[in-house]
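S.K.: Here it is, the structure in full.
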Amino acid sequence: MLRPSVTGRSPAAAGVLFAMSLLLVGSATLEAQQQPLTGPSGLFGQLYPARAKTFIKASSDPDERPQAPVAGNDDGFSGTNACEAFRDRVGLDEVAVLADIQGRSGFMGCFFRNYWSGLIGFPVSPQESNRAQILIDGLPRHDLPLPDYFRNPSDPRGQVAPFDGPFTANRAGGHVTHTPLSWQNSFQVRVFENSFSNAARFHKVAGTLASPEGLVQAPDKQAWERVYGRIGGWRHDVPRRLRQHVMNLAPDAGRQELVLFGPATLLELRARVRNAAAWNDLWVRFHWDGERRPSVELPFRLLCGRVRHPFSQPLDTLLFGNDGALESWCYFPMSFADEARITFENRGRQPIDLTFEYAQHDGPCPGTWGYFHAFYDRAVTRLGQTFFGPKIEDARGMLRALFLETICDTSGRIGAGMDLAHLEGDLLIRINGNRGDEHNFAATETSVGKWGWYGTPSDALFATDTSFNTGFLVRQDPTSGLVESERIQGSTFVFDPVHFVDGIEIALEHGVQNLSSADYGLVSVLYMQDGPARLLVDELDVGDLAAEAQRNVQFTNAPIFNLQSPFFRDHFFGTPPLSDDGRDIRSSYRFRVNDPQLAGNKGVCIGFRLDRERVAKGGVAQARVFVNGAYAGLLHSWTSNALNRWKEGGELEVELPRSLTDGLTTFDIEIRHEPSTLPVRVGAIRVYRYVRG
């Protein structure tokens, strides 16, 4: 558990806390704030409805065999890495489909692309300027040369609406737009091939799907643009009321604690020190509403995008920043219902003089909000090893930011294999326990930083962006003569958070894809609530005759096949290879759900574990899902390359309309294959009930 439930404070406990607050805050009373908490920045911690889905369709290096042409290391050079969802034809033209969504409404939150020409700072070459279309509800609403989706605000040609404003830009090969595009039933991004093949390499398309009832709201781009315009000052819509505390932290774990009362939301944290070296030793912990374990425990500088001293560079992004010297700030909203404890600790050998300021908005946070969490994981990772970030179970929430710090030196402490040109790993995010690939990425340049190519001269150092990539800072230690380097790259997921309902696990695949040892520090910023939003109530092992007999399974044309999982990335999560029987559903497949746990549910989800064998250039596999004979949703999938059958979501889910399941503990589910598509190859079916709406 992340936090014990809070049911209130006893009068005695309240008196103790009140006395502590007087000691730290003084006798000043908090001014009542009548203005409600509004604006996108203040509400950044609100959670999506439980039955919404987020997705990320990204390129990868699928040929991970050691004998691959470039040893599985960023095989975008060869033009044969088959990283698109599938290939299709439009008239006489072949297209690479990057993302293909059908059967649910939703919105796009991010479209990213890297170009090889950007590796050394050249303009995009004509061969790389592929024609690209975005189809909304079956119609091509946007048809542009691919670079035109990503013009900078300062481009003399102007930007192309709606891909305009500060959340659309490019530099150093990284091209990104966060323009929200909404659809009702279908969405597709496709890139036309030209003489420069492999049009799909190094891309990312992220978005969110609504519940069957349409419960999700696209981010307000214009409102976030107003926030962006406030960079350099106060970010929020409500008035700023700053409070200050001066502290002297003794060396060797000296600490001071600040206690605040709720309900309230912290909207700004700002700290100043007298000596920049203090940032290496100043740690902070947050406890919300009486929790025993902290939700945040990490160097304060990492909440503010600050590199380790003596490296320094000012940075001011949407929700955090620092002046490169003595001051750091953070604007992530942090809501609490009852009390907040902020503890500063000096882990160094010299005292720290600290001035801490905070702005708090009093009153309950509207909507369904999550507690602010920041997890810090650091390790020296060598070739063939996996760097593990947080693994969270029994909780729901959203991943909202990632910062990756890399530290190198020539002392030999990291070991052999340190290569500054490839100092990064492929980011893997497994949500809700699924072994599918819906939230995996090609590499950190398409996921964490979203800018630039490794450490090339074209990569801007410490540029100010909603997503930032520092490049390398290198220095020679004057005492030891050792050469060391520092880098922080990161992203704030404003329009494209990763939403999960019962857990999340983050890892960096390292050593096989990217041939470098590294000293990594990963900060994962999440907003979370204790307890899952859904529970597994039933599982059907498709192809097991005894299990199917118990579920009253009926089918027409569904031959059994044997499934052997070659999904190499399971190795990096420690998941054993999968070997099982399944059915190749070519007509209909019906089974009965009968479980008293479904009583009082807040929605039902059917999850399908699929074997997605690629045939030729791939294609779409579809089946319609029915509840007691009434249409309930579309199971929409596509094949991937033959080596990684589990690519792009080995486990897919169909949310059932509540109008068809509320009040029922027994009902029939039928899957009817769409004859014009490839067969649906199912290995297992899971039934989930939602306990939160």
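Following the order of the structure tokens, first chain is A, next is B, and so on, with residues numbered from 1 inside each chain and ligands from 1 in the order they appear.
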With only C-alpha atoms as the counted atoms, please give the residues lying no more than 10 Å from Gly415 (chain A), apart from itself and same-chain residues fewer than 5 positions off, as JSON, numbers by chain.
M.R.: {"A": [380, 381, 382, 383, 410, 516, 517, 518]}
S.K.: Per residue of region 592-615 of chain A within 12 Å of region 625-633 of chain A, what are the shortest atom pair and its distance in Å to one decimal, counting only C-alpha atoms, with rows by chain and residue number, as CSV?
M.R.:
```
residue,atom,partner,partner_atom,distance
A:Arg592,CA,A:Asn628,CA,9.5
A:Val593,CA,A:Val627,CA,10.0
A:Val604,CA,A:Ala632,CA,10.9
A:Cys605,CA,A:Gly633,CA,10.6
A:Ile606,CA,A:Val625,CA,9.4
A:Gly607,CA,A:Val625,CA,11.5
A:Phe608,CA,A:Val625,CA,11.5
```
S.K.: Sort by chain and increasing residue number a table of all residues of region 482-576 of chain A within 12 Å of region 663-668 of chain A, each with its closest pair of atoms and their distance in Å to one decimal, counting only C-alpha atoms, and write it as a tab-separated table.
M.R.:
```
residue	atom	partner	partner_atom	distance
A:Val537	CA	A:Thr665	CA	11.0
A:Asp538	CA	A:Thr665	CA	11.8
A:Arg551	CA	A:Asp668	CA	9.6
A:Asn552	CA	A:Asp668	CA	9.3
A:Val553	CA	A:Asp668	CA	9.6
A:Gln554	CA	A:Asp668	CA	10.6
```
S.K.: If you count only C-alpha atoms, which residues fall within 7 Å of Val160 (chain A), apart from same-chain ones fewer than 2 positions away, as a VMD selection string?
M.R.: chain A and resid 148 to 149 158 162 to 164
